[in-house]
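Asks: Can you keep this structure in mind? I'll have questions shortly.
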Amino acid sequence: MFARALCRVLRMQCDLRPFSTSSTPRADFTHVVGAMLTATNSSRGETKTFQVVGAGAVIHAGLYYGPTSLKTHLCLKGKKMMYDLCEKQNIPYRNAKKWILSQNAQQHEELVKTHDFAKSIGVPIHFIPLSEAHAREPDVRVEEAVLESPTTGIVDSHTYMSYLESDFQSKGGDLACYTSVESVEPLASGSQGWKIQTKCPSSSKTTWITADTLINSAGLAAVSLSNSILPHARHVKPYYAKGSYYSYSAPMPRPKTLVYPAPTTGAAGLGTHLTIDMTGAIRFGPDVEWVDDPNDLSVNESRLPAALEEIETYLPRIQKEKVGLDYCGIRPKLGKGGAVWKGNGDGFLDFVIRKEEGFEGFVNLLGIESPGLTSSLAIAEMVDGLLYK
């Protein structure tokens with residue numbers, strides 16, 4: 001079993017039609033997307049598909065990913081698309097801004113690199129005087145410099161996903177949640193398309209469906225699904241980076257700006273930073289813990305002391321006893337390289353989005369971690385372009 005992709009929606013649908021052995025060339029669906037089996041019914045004539053990404057609520061500015069990467073290109077494009085969609089569809093969001101802090105000269109050098117790179121690709125960014133920083137956020141400790149990203153924001157990710165679900169279904173899409181993919185095979189020689197064996201947890205029976213196009217956007221299960229289809233020489237190894245988040249129950253301190261430590265060379269994340277939700281509540285995280293099991297979503301209490309130590313570097317008056325375990329997520333990675341691009345050969349890992357040569361109608365999306373949410377609309381547009389332009 002490759003995946004049991006859970007979708008945060010209000011209903012469960014397992015009414016996929018059985019595979020037909022008829023010689024009729026008409027497939028059950030024009031598209032099947034990932035392990036969620038989000039599919040567009042070919043009999044309704046609608047062929048556009050959308051990808052839903054639900055990892056976190058930060059709208060990233062695109063500061064860390066290098067000049068030519070897909071992460072940079074899709075984050076910058078997706079950021080604009082996200083803000084435009086939120087305005088048009090009344091999806092709650094806030095342009096909260098983001099501070100990146102340096103506490104010493106070495107960290108300041110990293111901030112200067114981040115500043116210069118952002119300027120080189122046209123992303124708004126600027127240093128602010130320490131006096132201004134202390135006036136705006138008196139509880140935030142900063143000793144050396146503050147780099148402000150004015151286009152970083154937050155979005156109500158649940159409302160965003162609910163909108164995409166509703167929009168998808170209004171265009172004739174069928175959504176099958178809590179449905180596992182048991183196997184995927186090309187159709188018989190001479191036929192273009194795919195047959196997918198699925199299983200719903202409410203029944204022991206499996207169902208076969210057919211599709212013209214298969215889009216693997218299965219997140220943590222994407223590599224396993226890809227490896228089940230492609231020859232061994234094209235297999236890749238999945239890596240799972242669990243990130244724990246920590247809640248904060250005290251009324252103070254409560255900054256209104258996202259706060260990040262200076263980027264660390266080679267780190268798989270951006271440090272245990274301070275984020276804000278749409279209600280103004282703050283939480284800290286995520287950290288990085290490499291795990292072997294992509295279903296290990298237990299928050300590890302032993303990680304809390306190290307998180308508190310890092311949080312206190314920029315929020316020294318925090319009430320430590322009010323910081324508690326909250327939740328965790330797992331990033332689908334393609335290696336243990338750094339989250340921040342530092343130059344050629346630095347181990348930075350980009351998104352993989354491509355049509356697979358020799359497998360007509362198969363598009364792979366691998367390693368879709370942060371900034372996946374920000375990039376999601378641009379990713380969908382890129383996939384559409386790969387298939388039809």
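Numbering starts fresh at 1 for the residues of each chain in the structure tokens, the chains themselves are lettered A, B, ... in the order given, and ligands are numbered from 1 as they appear.
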Out of stretch 318-384 of chain A, which residues get alpha helix (DSSP H) from DSSP, as a list in words?
Replies: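 Listing alpha helix (DSSP H) positions across stretch 318-384 of chain A yields Gly372, Leu373, Thr374, Ser375, Ser376, Leu377, Ala378, Ile379, Ala380, Glu381, Met382, Val383 and Asp384 of chain A.
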Asks: Any idea what's packed within 6 Å of stretch 127-144 of chain A, counting only C-alpha atoms, ignoring anything in its chain fewer than 2 positions away? Could you give it as a tab-separated table (two decimals) with N, CA and C atoms, in the first residue's frame?
Replies:
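Resulting contents of part32.tsv:
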```tsv
chain	number	residue	atom	x	y	z
A	102	SER	N	19.86	38.95	13.39
A	102	SER	CA	21.25	38.54	13.67
A	102	SER	C	21.63	39.07	15.05
A	103	GLN	N	22.31	38.22	15.80
A	103	GLN	CA	22.73	38.59	17.15
A	103	GLN	C	24.23	38.82	17.27
A	104	ASN	N	24.97	38.53	16.18
A	104	ASN	CA	26.42	38.72	16.19
A	104	ASN	C	26.90	38.98	14.77
A	146	VAL	N	18.30	43.74	11.91
A	146	VAL	CA	16.99	43.20	11.55
A	146	VAL	C	16.79	43.37	10.06
A	147	LEU	N	16.55	42.28	9.37
A	147	LEU	CA	16.24	42.30	7.95
A	147	LEU	C	14.74	42.04	7.81
A	148	GLU	N	14.02	42.98	7.20
A	148	GLU	CA	12.57	42.88	7.11
A	148	GLU	C	12.14	42.49	5.70
A	314	TYR	N	15.83	35.07	20.88
A	314	TYR	CA	15.15	36.24	20.31
A	314	TYR	C	13.91	36.68	21.09
A	315	LEU	N	13.47	35.87	22.06
A	315	LEU	CA	12.32	36.25	22.89
A	315	LEU	C	12.65	35.91	24.34
```
Asks: Point out the residue among A:Cys75, A:Pro263, A:Val32, A:Ser180 with the least atom-to-atom distance to A:Lys342, counting only C-alpha atoms.
Replies: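 Looking only at the distances to A:Lys342, the closest residue turns out to be A:Pro263.
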Asks: With only C-alpha atoms as the basis for distance, which of A:Ile91, A:Ala27, A:Leu297, A:Leu225 is at the shortest distance from A:Ile154?
Replies: A:Ile91
Asks: Of the candidates A:His31, A:His273, A:Lys333, A:His126, which shows the shortest atom-to-atom distance to A:Phe351, using only C-alpha atoms?
Replies: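 Closest to A:Phe351, using only C-alpha atoms: A:Lys333.
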Asks: I need the residue nearest A:Asp174 from this list: A:Thr198, A:Arg354, A:Lys98, A:Thr30. Use only C-alpha atoms for the distance.
Replies: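 For A:Asp174, the nearest of the given residues is A:Thr30.
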Asks: Taking into account only C-alpha atoms, which residue in the set A:Val155, A:Ile276, A:Cys200, A:Ala241 is nearest to A:Tyr260?
Replies: A:Ile276
Asks: As a PyMOL selection string, which residues of stretch 165-303 of chain A does DSSP assign to strand (DSSP E or B)?
Replies: chain A and resi 173-175+180-186+194-199+206-216+239-248+258-261+274-276+282-284+289-291
Asks: For atom CA of A:Pro316 and atom CA of A:Asp116, quote the distance in Å rounded to one decimal.
Replies: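 These atoms are spaced 29.2 Å apart.
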